[in-house]
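Encoded as structure tokens, the structure appears first; notes follow it.
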Amino acid sequence: MDIESLRWVVTLADELHFGRASQLHYVSAGHFGRQIQRLERELGVRLFDRTSRRVALTPAGARVVAHARNVLDTLEELRNSADPAPSSESGILRIGTLGFGMAERWVLLRDTVLAAMPELTLVHEELDVLTQYDAVRRGEVDVGIVHYGGELDGLVAQPVFTTPYAAVVPMWSPLADADILGWDDVPGKAWIPMSGARPRTEETADLSQKMSRRSSVLRHPAAIPAAVATTGLIGLHGLAASRYLARPDVRFVPFDTKAVVAAVITRESDDRPAVRTFRSAVVALDRDVAGT
């Protein structure tokens with residue numbers, strides 16, 4: 001899903017005619033129709049009923065169009081609130097990402113920010129578990145997409161989505177056949193050690209004592225699947241990572257413990273236009289998702 005697709009679906013809802021709607025976007029009716037079909041497949045619902053004589057919104061389509069209008073209206077507000085000519089200092093926004101970041105929500109957030117400030121350049125930096133918060137505090141990145149561990153002094157934290165945990169296990173392990181795993185299923189010395197991991201549950205409070213020293217300490221969650229495949233040990237990751245870090249020699253098995261919360265963090269004192277726009281886009285995205 002992207003901003004352009006939202007504009008097209010709103011236009012079709014207004015016109016209820018593929019030919020007229022496609023002309024308003026200066027594309028062929030065939031291309032326009034295929035993009036609408038792609039969006040329907042992506043959402044898993046039919047947005048429009050078509051016959052040879054008429055086009056009509058479905059009930060699901062009416063709900064999606066209403067949310068799309070909200071997103072586009074918010075985008076216009078963001079564009080109007082952003083400085084028309086930001087300084088060179090705010091022309092680059094450094095985004096630090098831990099692991100899977102915001103998963104599927106990133107595309108819409110990115111498009112919303114760049115539509116409001118098209119001159120903005122986004123730069124990616126990889127965060128590690130140990131320094132994910134300090135990288136933002138020290139100004140090494142402007143925005144951090146991190147695993148949320150509670151309120152943080154000097155930082156503005158905006159939770160964006162939650163994903164269950166998964167055990168990352170070797171494909172040849174008997175554990176790979178399980179539908180779900182828990183602490184009692186995994187030997188105490190089987191875990192790959194992660195540097196600086198903050199315990200979030202009573203079960204994980206002593207996890208560092210259980211981790212094997214047969215594997216080097218990892219600082220980057222993206223390295224967990226490769227480390228599991230190499231060592232035969234077990235990693236703990238957000239289930240959303242299975243869609244981005246999949247390998248044929250490991251399996252992500254749902255794990256029965258508290259979920260991972262991904263959050264966007266920025267410095268409390270940072271009031272530059274690009275940072276304000278990013279924060280507002282996160283709020284708009286959260287409001288739209290909550291309404292679906």
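Chains: A, B, ... in order of the structure tokens. Residues: from 1 per chain. Ligands: from 1, in order shown.
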Practice item. Any chance you could list, as a ChimeraX atom specification, the residues in region 46-282 of chain A that come up strand (DSSP E or B) when DSSP is run on the backbone? Key: /A:48-50,55-57,92-97,121-126,143-147,155-170,181,191,194,218,234-238,250-267
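Residues within 6 Å of Asp2 (chain A), counting only C-alpha atoms and excluding same-chain residues fewer than 2 positions away, are Glu4, Ser5 and Leu108 of chain A.
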Point to revise | region 7-9 of chain A surroundings by only C-alpha atoms, 8 Å radius, close-in-sequence under 4 positions cut, as a ChimeraX atom specification | key: /A:3,13,21,25,32,36,65,68,72
**Study point:** Selected residue of minimal separation from Ala157 (chain A) among A:Gln23, A:Thr266, A:Thr11, A:Thr97, counting only C-alpha atoms
**Key:** A:Thr266
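Note that CA of Gln35 (chain A) and CA of Asp286 (chain A) are 24.9 Å apart.
If you look at CA of Pro164 (chain A) and CA of Tyr148 (chain A), they are 13.5 Å away from each other.
Residue nearest Val45 (chain A) within the list A:Ala227, A:Met171, A:Ala60, A:Leu122: A:Ala60 [criterion: smallest interatomic distance, only C-alpha atoms].
In this model, the gap between CA of His67 (chain A) and CA of Leu239 (chain A) comes to 27.0 Å.
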Exercise for review: Show which residues sit within 9 Å of Leu12 (chain A), as number ranges by chain. Count only C-alpha atoms, and ignore same-chain residues fewer than 5 positions away.
Suggested key: A: 7, 17-18, 20-22, 55
Check your understanding: Taking the backbone alone, and naming residues the way the document does, which bits of region 92-212 of chain A are alpha helix (DSSP H) by DSSP, as a VMD selection string?
Key -> chain A and resid 105 to 116 132 to 137 207 to 210
Once you count only C-alpha atoms, what closest atom pair and distance in Å to one decimal does each residue of region 50-156 of chain A within 6 Å of region 215-224 of chain A have, with rows by chain and rising residue number, as a Markdown table?
```
| residue | atom | partner | partner_atom | distance |
| --- | --- | --- | --- | --- |
| A:Gly99 | CA | A:Pro221 | CA | 5.0 |
| A:Asp128 | CA | A:His220 | CA | 4.8 |
| A:Val129 | CA | A:Arg219 | CA | 5.4 |
```
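Contact shell of region 172-188 of chain A at 7 Å (only C-alpha atoms; same-chain neighbours under 4 positions omitted): Lys210, Arg251, Val253, Pro254, Phe255 and Asp256 of chain A.
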Hey, can you spit out that residue selection with N, CA, C and O atoms as a PDB file, in the first residue's frame?
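Wrote out.pdb, looks like this:
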```
ATOM      1  N   LYS A 210      21.188 -18.057  31.237  1.00  0.00           N
ATOM      2  CA  LYS A 210      20.914 -19.313  30.544  1.00  0.00           C
ATOM      3  C   LYS A 210      21.596 -19.384  29.182  1.00  0.00           C
ATOM      4  O   LYS A 210      21.655 -20.438  28.580  1.00  0.00           O
ATOM      5  N   ARG A 251      13.572 -21.936  11.210  1.00  0.00           N
ATOM      6  CA  ARG A 251      12.118 -21.719  11.275  1.00  0.00           C
ATOM      7  C   ARG A 251      11.803 -20.824  12.469  1.00  0.00           C
ATOM      8  O   ARG A 251      12.424 -20.948  13.532  1.00  0.00           O
ATOM      9  N   VAL A 253       9.209 -20.148  15.181  1.00  0.00           N
ATOM     10  CA  VAL A 253       8.102 -20.824  15.852  1.00  0.00           C
ATOM     11  C   VAL A 253       7.530 -19.888  16.915  1.00  0.00           C
ATOM     12  O   VAL A 253       8.276 -19.388  17.763  1.00  0.00           O
ATOM     13  N   PRO A 254       6.217 -19.608  16.881  1.00  0.00           N
ATOM     14  CA  PRO A 254       5.635 -18.732  17.918  1.00  0.00           C
ATOM     15  C   PRO A 254       6.044 -19.175  19.314  1.00  0.00           C
ATOM     16  O   PRO A 254       6.061 -20.371  19.620  1.00  0.00           O
ATOM     17  N   PHE A 255       6.396 -18.180  20.154  1.00  0.00           N
ATOM     18  CA  PHE A 255       6.917 -18.461  21.490  1.00  0.00           C
ATOM     19  C   PHE A 255       6.017 -17.807  22.527  1.00  0.00           C
ATOM     20  O   PHE A 255       5.666 -16.626  22.411  1.00  0.00           O
ATOM     21  N   ASP A 256       5.653 -18.585  23.541  1.00  0.00           N
ATOM     22  CA  ASP A 256       4.658 -18.160  24.522  1.00  0.00           C
ATOM     23  C   ASP A 256       5.295 -17.278  25.599  1.00  0.00           C
ATOM     24  O   ASP A 256       5.700 -17.757  26.665  1.00  0.00           O
TER      25      ASP A 256
END
```
**Study point:** Residues near region 130-145 of chain A, cut-off 9 Å, only C-alpha atoms, skip fewer than 2 positions along chain, as a VMD selection string
**Key:** chain A and resid 93 to 99 101 to 102 124 to 125 127 to 128 147 to 148 152 154 to 155 194 to 198 219 to 220 262 to 267 270 275 278
